[in-house]
file target30.csv (CSV, C-alpha atoms)
chain,number,residue,atom,x,y,z
A,230,MET,CA,-2.2,-32.4,1.6
A,231,PHE,CA,-0.7,-30.0,4.1
A,232,ALA,CA,2.1,-32.5,5.0
A,233,ASN,CA,3.0,-33.0,1.3
A,234,GLU,CA,6.6,-31.7,0.8
A,235,ASP,CA,5.8,-30.2,-2.7
A,236,PHE,CA,2.8,-28.5,-1.2
A,237,ILE,CA,4.8,-27.0,1.6
A,238,ALA,CA,7.4,-25.9,-0.9
A,239,ALA,CA,4.7,-24.2,-3.0
A,240,SER,CA,3.3,-22.6,0.1
A,241,ARG,CA,6.6,-20.7,0.7
A,242,LYS,CA,5.8,-18.6,-2.4
A,243,PHE,CA,2.7,-17.3,-0.6
A,244,VAL,CA,2.0,-15.5,2.6
A,245,CYS,CA,-0.1,-18.2,4.3
A,246,ILE,CA,-2.7,-17.0,6.7
A,247,ARG,CA,-4.8,-19.3,8.8
A,248,ILE,CA,-7.4,-17.9,11.2
A,249,GLU,CA,-9.6,-19.7,13.7
A,250,THR,CA,-13.1,-19.9,12.3
A,251,TYR,CA,-15.0,-19.6,15.6
A,252,GLU,CA,-12.7,-17.1,17.3
A,253,SER,CA,-14.7,-13.9,16.7
A,254,LYS,CA,-17.4,-12.1,14.8
A,255,GLU,CA,-14.7,-10.8,12.5
A,256,THR,CA,-13.6,-14.4,11.6
A,257,GLU,CA,-17.2,-15.4,11.1
A,258,LYS,CA,-17.7,-12.4,8.8
A,259,LYS,CA,-14.7,-13.4,6.7
A,260,VAL,CA,-15.8,-17.0,6.3
A,261,ARG,CA,-19.4,-15.9,5.3
A,262,ALA,CA,-18.0,-13.5,2.8
A,263,LEU,CA,-16.1,-16.3,1.1
A,264,LEU,CA,-18.9,-18.8,1.2
A,265,ASN,CA,-21.7,-16.6,-0.2
A,266,GLY,CA,-23.3,-16.0,3.2
A,267,ALA,CA,-23.0,-19.6,4.4
A,268,PHE,CA,-20.8,-20.5,7.4
A,269,ALA,CA,-18.6,-23.6,7.7
A,270,ASN,CA,-15.7,-24.6,9.9
A,271,THR,CA,-13.3,-24.3,7.0
A,272,ALA,CA,-12.9,-21.8,4.2
A,273,PHE,CA,-10.2,-21.1,1.6
A,274,CYS,CA,-9.2,-18.6,-1.0
A,275,ILE,CA,-6.1,-17.2,-2.6
A,276,PHE,CA,-5.9,-13.4,-2.7
A,277,ASP,CA,-3.6,-10.9,-4.3
A,278,PRO,CA,-1.0,-9.2,-2.1
A,279,GLU,CA,-3.4,-6.4,-1.3
A,280,GLY,CA,-5.8,-8.9,0.1
A,281,GLU,CA,-8.6,-7.6,-2.2
A,282,GLN,CA,-8.7,-9.5,-5.5
A,283,ARG,CA,-9.5,-13.2,-5.4
A,284,LEU,CA,-7.1,-15.3,-7.4
A,285,SER,CA,-8.9,-18.6,-6.9
A,286,ARG,CA,-12.5,-19.7,-6.3
A,287,ALA,CA,-13.5,-19.6,-2.7
A,288,GLY,CA,-14.3,-23.0,-1.1
A,289,ARG,CA,-14.0,-25.2,1.9
A,290,GLY,CA,-10.4,-26.1,1.1
A,291,PRO,CA,-7.6,-25.8,-1.5
A,292,SER,CA,-8.9,-28.8,-3.6
A,293,MET,CA,-12.2,-27.0,-4.0
A,294,GLY,CA,-10.8,-23.6,-4.6
A,295,LEU,CA,-8.0,-24.6,-7.0
A,296,SER,CA,-9.7,-27.4,-9.0
A,297,THR,CA,-9.2,-27.1,-12.7
A,298,ARG,CA,-12.8,-28.0,-13.4
A,299,ARG,CA,-15.8,-26.2,-12.0
A,300,GLY,CA,-17.2,-28.4,-9.3
A,301,GLY,CA,-14.2,-30.7,-9.5
A,302,ARG,CA,-12.5,-31.7,-6.2
A,303,GLY,CA,-9.9,-34.2,-5.0
A,304,GLU,CA,-9.0,-36.6,-7.8
A,305,GLN,CA,-11.2,-34.7,-10.3
A,306,ALA,CA,-9.1,-31.7,-9.7
A,307,GLY,CA,-5.9,-33.6,-10.3
A,308,GLY,CA,-5.4,-34.4,-6.6
A,309,ASP,CA,-2.6,-32.7,-4.6
A,310,GLU,CA,-0.6,-32.4,-7.8
A,311,GLY,CA,-3.2,-30.3,-9.5
A,312,VAL,CA,-3.5,-28.0,-6.5
A,313,ILE,CA,0.3,-27.6,-6.3
A,314,ARG,CA,0.5,-26.9,-10.0
A,315,ARG,CA,-2.1,-24.2,-9.8
A,316,MET,CA,-0.4,-22.7,-6.7
A,317,ASN,CA,2.9,-22.5,-8.6
A,318,GLN,CA,1.1,-20.9,-11.6
A,319,ILE,CA,-0.5,-18.3,-9.4
A,320,ALA,CA,2.7,-17.5,-7.6
A,321,SER,CA,4.7,-17.2,-10.9
A,322,GLY,CA,2.6,-14.0,-11.6
A,323,PHE,CA,4.2,-12.1,-8.7
A,324,LYS,CA,7.8,-11.0,-8.3
A,325,PRO,CA,8.6,-11.1,-4.5
A,326,ILE,CA,10.3,-8.1,-3.1
A,327,GLY,CA,11.9,-7.3,0.3
A,328,GLN,CA,14.3,-9.1,2.6
A,329,LYS,CA,13.3,-12.2,4.6
A,330,GLU,CA,15.0,-10.8,7.7
A,331,ASP,CA,12.6,-7.8,7.6
A,332,ALA,CA,9.5,-10.1,7.7
A,333,VAL,CA,6.5,-9.2,9.8
A,334,LEU,CA,6.5,-11.6,12.8
A,335,GLN,CA,3.6,-14.0,13.5
A,336,ASP,CA,1.3,-13.2,16.4
A,337,PHE,CA,-2.1,-14.3,17.7
A,338,ASN,CA,-5.1,-12.4,19.0
A,339,SER,CA,-4.7,-14.1,22.3
A,340,PHE,CA,-2.5,-16.3,24.4
A,341,ARG,CA,-5.2,-19.0,24.8
A,342,GLN,CA,-5.7,-19.2,21.1
A,343,ALA,CA,-1.9,-19.5,20.6
A,344,LEU,CA,-1.6,-22.3,23.0
A,345,ASN,CA,-4.6,-24.1,21.4
A,346,VAL,CA,-3.2,-23.8,17.9
A,347,ALA,CA,0.3,-24.9,19.0
A,348,SER,CA,-1.3,-28.0,20.5
A,349,ALA,CA,-3.4,-28.7,17.4
A,350,ASP,CA,-0.4,-28.3,15.1
A,351,GLN,CA,1.9,-30.1,17.6
A,352,ARG,CA,4.5,-27.4,17.3
A,353,LEU,CA,6.4,-25.6,20.0
A,354,LEU,CA,5.2,-22.1,20.9
A,355,VAL,CA,7.7,-19.3,21.4
A,356,LEU,CA,6.2,-16.9,23.9
A,357,ILE,CA,7.6,-13.4,24.3
A,358,ASP,CA,7.0,-12.0,27.8
A,359,ALA,CA,8.6,-8.5,27.7
A,360,ASP,CA,7.7,-4.9,28.1
A,361,LYS,CA,7.5,-2.7,25.0
A,362,ASN,CA,11.1,-1.6,25.0
A,363,GLU,CA,12.3,-5.2,25.5
A,364,GLN,CA,9.9,-6.4,22.8
A,365,LYS,CA,11.6,-4.1,20.2
A,366,ILE,CA,15.0,-5.6,21.1
A,367,VAL,CA,13.7,-9.1,20.9
A,368,GLN,CA,11.7,-8.6,17.7
A,369,GLY,CA,14.9,-7.6,15.8
A,370,LYS,CA,16.5,-10.9,16.9
A,371,LEU,CA,13.4,-13.0,16.2
A,372,ARG,CA,13.1,-11.6,12.6
A,373,LYS,CA,16.5,-13.1,11.9
A,374,VAL,CA,15.7,-16.4,13.7
A,375,PHE,CA,12.3,-16.9,12.1
A,376,ALA,CA,13.7,-16.2,8.6
A,377,ASP,CA,16.3,-19.0,9.1
A,378,ALA,CA,15.6,-22.0,6.8
A,379,GLU,CA,16.1,-24.4,9.7
A,380,VAL,CA,13.4,-22.6,11.7
A,381,VAL,CA,10.7,-21.8,9.1
A,382,GLY,CA,7.5,-23.7,9.6
A,383,LYS,CA,8.5,-25.4,12.9
A,384,PHE,CA,7.2,-23.0,15.6
A,385,HIS,CA,4.5,-20.7,16.5
A,386,LEU,CA,5.1,-17.2,18.0
A,387,GLN,CA,3.1,-15.2,20.4
A,388,PHE,CA,3.7,-11.9,22.1
A,389,ILE,CA,2.1,-11.7,25.5
A,390,ASN,CA,-0.2,-8.8,25.9
A,391,GLU,CA,-0.4,-8.1,29.7
A,392,GLU,CA,-3.8,-6.4,29.3
A,393,THR,CA,-5.6,-9.1,27.3
A,394,ASP,CA,-3.6,-12.1,28.4
A,395,LYS,CA,-4.0,-11.7,32.1
A,396,ASN,CA,-3.1,-14.8,34.2
A,397,TRP,CA,-1.4,-16.4,31.2
A,398,SER,CA,1.5,-17.6,33.4
A,399,ARG,CA,-0.9,-19.8,35.5
A,400,ALA,CA,-1.3,-22.0,32.5
A,401,ILE,CA,2.4,-22.5,32.0
A,402,GLN,CA,4.6,-24.6,34.3
A,403,GLY,CA,8.2,-23.8,34.9
A,404,ASN,CA,8.5,-20.2,33.7
A,405,LYS,CA,10.9,-17.9,35.5
A,406,LYS,CA,10.2,-14.2,36.1
A,407,GLU,CA,13.4,-12.9,34.4
A,408,ALA,CA,12.8,-14.9,31.2
A,409,ALA,CA,11.7,-13.0,28.1
A,410,VAL,CA,11.8,-15.8,25.5
A,411,LEU,CA,10.0,-18.9,26.6
A,412,ILE,CA,9.9,-22.1,24.5
A,413,VAL,CA,6.7,-23.9,25.4
A,414,ARG,CA,5.3,-27.3,24.8
A,415,ALA,CA,1.5,-27.1,24.8
A,416,GLY,CA,-0.5,-29.8,26.6
A,417,ALA,CA,-2.7,-32.2,24.7
A,418,PHE,CA,-5.7,-30.0,24.7
A,419,GLY,CA,-3.9,-26.7,24.5
A,420,LEU,CA,-5.2,-25.5,27.8
A,421,ASP,CA,-1.8,-25.6,29.6
A,422,GLY,CA,1.8,-25.9,28.7
A,423,THR,CA,5.3,-26.6,30.0
A,424,VAL,CA,8.5,-24.5,29.5
A,425,MET,CA,11.1,-26.5,27.6
A,426,ASP,CA,13.7,-23.6,27.7
A,427,GLN,CA,13.7,-19.9,28.6
A,428,LEU,CA,16.1,-17.1,27.8
A,429,PRO,CA,16.6,-13.5,29.0
A,430,VAL,CA,16.1,-10.5,26.8
A,431,GLY,CA,19.9,-10.0,26.4
A,432,VAL,CA,20.6,-13.2,24.4
A,433,SER,CA,21.7,-13.2,20.8
A,434,ALA,CA,19.7,-14.3,17.8
A,435,ASP,CA,22.0,-17.3,17.4
A,436,GLU,CA,21.5,-18.3,21.0
A,437,ILE,CA,17.7,-18.2,20.5
A,438,LYS,CA,17.9,-20.3,17.4
A,439,ILE,CA,20.1,-22.9,19.0
A,440,ALA,CA,17.7,-23.1,22.0
A,441,MET,CA,14.7,-23.4,19.8
A,442,LEU,CA,16.1,-26.1,17.6
A,443,ALA,CA,17.4,-28.1,20.6
A,444,ALA,CA,13.9,-27.9,22.2
A,445,ASN,CA,12.3,-28.9,18.9
A,446,GLU,CA,14.5,-32.0,18.7
A,447,LYS,CA,13.6,-33.0,22.2
A,448,PHE,CA,10.0,-32.3,21.6
A,449,ALA,CA,10.0,-34.5,18.5
A,450,SER,CA,11.4,-37.4,20.6
A,451,LEU,CA,8.8,-36.9,23.3
A,452,GLU,CA,5.6,-36.1,21.4
A,453,ASN,CA,3.6,-38.7,19.4
A,454,ARG,CA,1.2,-37.6,16.7
A,455,LYS,CA,-2.3,-37.4,18.0
A,456,LYS,CA,-4.9,-39.9,17.0
A,457,TYR,CA,-7.8,-37.7,16.1
A,458,SER,CA,-10.6,-40.0,17.2
A,459,LYS,CA,-8.9,-41.0,20.4
A,460,HIS,CA,-8.2,-37.3,21.2
A,461,VAL,CA,-11.8,-36.3,20.8
A,462,SER,CA,-13.2,-39.2,22.7
A,463,SER,CA,-10.7,-38.6,25.5
A,464,GLY,CA,-11.7,-34.9,25.6
A,465,ARG,CA,-15.3,-35.9,25.9
A,466,ARG,CA,-14.7,-38.3,28.7
A,467,GLN,CA,-12.7,-35.6,30.6
A,468,GLY,CA,-15.3,-32.9,30.0
A,469,VAL,CA,-12.8,-30.7,28.2
A,470,TYR,CA,-14.4,-27.7,26.4
A,471,PHE,CA,-13.0,-24.7,24.7
A,472,GLU,CA,-15.3,-21.7,24.4
A,473,ASN,CA,-15.0,-19.4,21.4
A,474,GLU,CA,-17.0,-16.3,20.7
A,475,ILE,CA,-18.9,-17.9,17.9
A,476,PRO,CA,-21.1,-21.0,18.6
A,477,TYR,CA,-19.8,-24.2,17.0
A,478,GLY,CA,-21.6,-25.6,14.0
A,479,GLU,CA,-22.4,-24.7,10.4
A,480,ASP,CA,-24.9,-22.6,8.6
A,481,ARG,CA,-25.1,-24.2,5.2
A,482,ASP,CA,-28.2,-22.5,4.0
A,483,GLY,CA,-26.8,-19.1,4.9
A,484,ASP,CA,-29.8,-17.9,6.9
A,485,GLY,CA,-27.6,-16.5,9.6
A,486,GLU,CA,-28.4,-19.3,12.1
A,487,ILE,CA,-26.2,-22.3,13.0
A,488,ASP,CA,-28.1,-25.2,11.4
A,489,ASN,CA,-27.8,-27.6,14.4
A,490,LYS,CA,-28.6,-25.0,17.0
A,491,ARG,CA,-32.0,-26.4,17.8
A,492,ARG,CA,-30.6,-29.9,18.2
A,493,ARG,CA,-27.8,-28.6,20.4
A,494,GLN,CA,-30.3,-26.8,22.6
A,495,ARG,CA,-32.2,-30.0,23.2
A,496,GLN,CA,-29.1,-31.8,24.4
B,52,MET,CA,-27.9,-54.4,22.9
B,53,ASN,CA,-26.2,-53.5,26.2
B,54,ASN,CA,-26.0,-50.0,27.5
B,55,SER,CA,-22.3,-49.5,26.9
B,56,LEU,CA,-22.7,-50.4,23.2
B,57,LYS,CA,-25.7,-48.1,22.9
B,58,CYS,CA,-23.6,-45.3,24.4
B,59,SER,CA,-20.7,-46.0,22.0
B,60,ILE,CA,-23.0,-45.9,19.0
B,61,GLY,CA,-24.6,-42.7,20.3
B,62,PHE,CA,-21.2,-41.1,20.8
B,63,LEU,CA,-20.1,-42.0,17.3
B,64,PHE,CA,-23.3,-40.5,15.9
B,65,LEU,CA,-22.8,-37.3,17.9
B,66,LEU,CA,-19.2,-36.9,16.6
B,67,SER,CA,-20.3,-37.6,13.1
B,68,ALA,CA,-23.0,-34.9,13.4
B,69,VAL,CA,-20.9,-32.2,15.0
B,70,CYS,CA,-17.4,-32.6,13.4
B,71,HIS,CA,-17.5,-31.4,9.9
B,72,ALA,CA,-15.4,-32.0,6.7
B,73,GLN,CA,-11.8,-31.0,6.8
B,74,PRO,CA,-10.0,-29.2,4.0
B,75,GLY,CA,-9.4,-31.5,1.1
B,76,SER,CA,-12.2,-33.8,2.0
B,77,ARG,CA,-13.9,-35.4,-1.0
B,78,ASN,CA,-17.1,-35.8,0.9
B,79,LYS,CA,-19.7,-33.1,0.6
B,80,GLY,CA,-21.5,-34.0,3.8
B,81,THR,CA,-20.4,-34.2,7.4
B,82,ARG,CA,-17.6,-36.5,8.3
B,83,SER,CA,-17.0,-38.5,11.4
B,84,ALA,CA,-14.1,-37.6,13.6
B,85,MET,CA,-13.2,-41.3,13.3
B,86,ASP,CA,-12.6,-40.8,9.6
B,87,VAL,CA,-10.2,-37.9,9.9
B,88,PRO,CA,-6.7,-39.1,8.9
B,89,ASP,CA,-3.9,-38.6,11.3
B,90,ASN,CA,-1.2,-36.2,10.3
B,91,PRO,CA,1.5,-38.3,8.5
B,92,GLN,CA,4.2,-35.7,9.1
B,93,ALA,CA,6.8,-36.4,11.8
B,94,VAL,CA,6.5,-34.1,14.9
B,95,GLY,CA,9.2,-31.4,14.7
B,96,ASP,CA,9.4,-31.3,10.9
B,97,ALA,CA,8.8,-28.1,9.0
B,98,GLY,CA,5.3,-27.4,7.8
B,99,ILE,CA,3.4,-24.4,6.5
B,100,ALA,CA,4.6,-21.1,8.0
B,101,TRP,CA,1.3,-19.7,9.1
B,102,TYR,CA,0.4,-16.1,10.0
B,103,THR,CA,-2.4,-16.4,12.5
B,104,THR,CA,-4.1,-13.1,12.1
B,105,TRP,CA,-5.3,-11.5,8.9
B,106,GLU,CA,-3.6,-8.2,9.8
B,107,THR,CA,-0.1,-9.5,10.2
B,108,GLY,CA,-0.3,-11.7,7.1
B,109,LEU,CA,-1.7,-8.9,5.0
B,110,LYS,CA,1.1,-6.6,6.1
B,111,GLU,CA,3.7,-9.2,5.1
B,112,ALA,CA,2.0,-9.8,1.8
B,113,LYS,CA,2.0,-6.1,0.9
B,114,ARG,CA,5.6,-5.9,2.0
B,115,THR,CA,6.8,-8.8,-0.1
B,116,ASN,CA,4.3,-8.6,-3.0
B,117,ARG,CA,3.4,-12.3,-2.5
B,118,PRO,CA,-0.1,-13.6,-3.0
B,119,ILE,CA,-2.1,-14.7,0.1
B,120,PHE,CA,-3.0,-18.4,0.7
B,121,PHE,CA,-5.9,-17.9,3.1
B,122,MET,CA,-7.5,-20.6,5.3
B,123,SER,CA,-10.0,-20.4,8.0
B,124,ALA,CA,-10.1,-23.6,10.2
B,125,ALA,CA,-11.3,-24.8,13.5
B,126,THR,CA,-9.0,-26.0,16.2
B,127,THR,CA,-11.8,-27.8,18.0
B,128,CYS,CA,-14.1,-30.7,17.4
B,129,SER,CA,-17.3,-30.6,19.4
B,130,GLY,CA,-15.7,-27.9,21.4
B,131,ILE,CA,-12.7,-30.1,22.3
B,132,PRO,CA,-9.5,-28.2,21.6
B,133,GLY,CA,-6.1,-29.2,20.4
B,134,VAL,CA,-7.1,-30.7,17.0
B,135,PHE,CA,-7.4,-29.4,13.4
call {"tool": "encode", "arguments": {"input": "target30.csv", "output": "structure tokens"}}
result
Amino acid sequence: MFANEDFIAASRKFVCIRIETYESKETEKKVRALLNGAFANTAFCIFDPEGEQRLSRAGRGPSMGLSTRRGGRGEQAGGDEGVIRRMNQIASGFKPIGQKEDAVLQDFNSFRQALNVASADQRLLVLIDADKNEQKIVQGKLRKVFADAEVVGKFHLQFINEETDKNWSRAIQGNKKEAAVLIVRAGAFGLDGTVMDQLPVGVSADEIKIAMLAANEKFASLENRKKYSKHVSSGRRQGVYFENEIPYGEDRDGDGEIDNKRRRQRQ
Amino acid sequence: MNNSLKCSIGFLFLLSAVCHAQPGSRNKGTRSAMDVPDNPQAVGDAGIAWYTTWETGLKEAKRTNRPIFFMSAATTCSGIPGVF
């Protein structure tokens, strides 16, 4: 569904937020609030612009939350078309305001999560490594770049926080000290990355956009879509593991404990 | 049944037990990683423009009066990163 062009077009009428379920106690709390106390690796809901009122049912995904019949999912809900129709209906109730060029910029809670998400989405990550004064300068340019129709939805963006992202540069190959804007290709497991291009703080918005689009074109020619099953089995063989604050698994009965914890402990 | 076949079956079972349903899945129960469809979109094409923290997205929603399409999802399967 998320690759459907009509779905992507409908999503532009919303502010789309996707958090990492297992990242922290806060994310766990948000998921449990939506799933009546249960915990699952996905959760979905549409909210009003204040983030308070629910405009859809909460569920595991859009086809559950936006079905036209209670309990209906997938084909029962009209499939992707039904979801897109409902999204457009909801969006039509709001008149957007403000300029695109003034948009709040994307950011992550940490560099390691940014690299992981960029790898999972197979998108380039734009990393900003600059002090506070330089960040302000770069932010103004990035607002213009990330509002550009050619750029929207193709990249992720992360501002390095020197206090919480210590040693981030060890995971990235090819970065120069003087660079402020780094365009990074994440590794297969999102644990490392390679710089595809890097620019100093003084470059113009147009120069950043040109560099990003050129890097994206090159990236598209180099990167193949992951085969989910192969990726997971390869990760297992290599002993790759990504630790989050919340233990993996689900709590379907909502008793506050991950359901498969006992089994995991035996392994 | 030889040992490698036993290991393969065991591995498939483990993945099935640990990797759960994805958004849009029609199955109510758990779903094997082997069943998760590959992303049909070409690498480099435009997808959904995500905000990746609640705070930044909420600020933008208030600024633009646009409703919020909210998802929580895992970027790992069995603790293996780099996949949704």
call {"tool": "closest_residue", "arguments": {"input": "target30.csv", "among": "B:Pro118, B:Ala100, B:Gly130, B:Trp105", "to": "Phe375 of chain A", "atoms": "only C-alpha atoms"}}
result
B:Ala100
call {"tool": "closest_residue", "arguments": {"input": "target30.csv", "among": "A:Ser348, A:Asn265, A:Ser462, A:Thr271", "to": "Gly478 of chain A", "atoms": "all atoms listed in the file"}}
result
A:Thr271
call {"tool": "interface_residues", "arguments": {"input": "target30.csv", "of": "chain B", "to": "chain A", "cutoff": "6 Å", "atoms": "all atoms listed in the file", "output": "JSON, numbers by chain"}}
result
{"B": [74, 75, 77, 84, 85, 89, 92, 94, 95, 97, 98, 99, 100, 101, 102, 103, 104, 108, 111, 112, 113, 115, 116, 117, 118, 119, 120, 121, 122, 123, 124, 125, 130, 131, 132, 133, 134, 135]}
call {"tool": "closest_residue", "arguments": {"input": "target30.csv", "among": "A:Lys395, A:Arg481, A:Lys373, A:Arg315", "to": "Leu264 of chain A", "atoms": "all atoms listed in the file"}}
result
A:Arg481
call {"tool": "atom_distance", "arguments": {"input": "target30.csv", "atom1": "atom CA of Ala443 of chain A", "atom2": "atom CA of Lys406 of chain A"}}
result
22.0 Å
call {"tool": "residues_around", "arguments": {"input": "target30.csv", "residues": "segment 430-438 of chain A", "least_positions_apart": "6", "cutoff": "8 Å", "atoms": "only C-alpha atoms", "output": "short mmCIF file (atom, residue, chain, number, x, y, z; two decimals) with C-alpha atoms, in the frame of the given file"}}
result
data_model
loop_
_atom_site.label_atom_id
_atom_site.label_comp_id
_atom_site.auth_asym_id
_atom_site.auth_seq_id
_atom_site.Cartn_x
_atom_site.Cartn_y
_atom_site.Cartn_z
CA ALA A 359 8.60 -8.50 27.70
CA GLU A 363 12.30 -5.20 25.50
CA ILE A 366 15.00 -5.60 21.10
CA VAL A 367 13.70 -9.10 20.90
CA LYS A 370 16.50 -10.90 16.90
CA LEU A 371 13.40 -13.00 16.20
CA LYS A 373 16.50 -13.10 11.90
CA VAL A 374 15.70 -16.40 13.70
CA VAL A 380 13.40 -22.60 11.70
CA ALA A 408 12.80 -14.90 31.20
CA ALA A 409 11.70 -13.00 28.10
CA VAL A 410 11.80 -15.80 25.50
#
call {"tool": "atom_distance", "arguments": {"input": "target30.csv", "atom1": "atom CA of Gln427 of chain A", "atom2": "atom CA of Glu330 of chain A"}}
result
22.8 Å
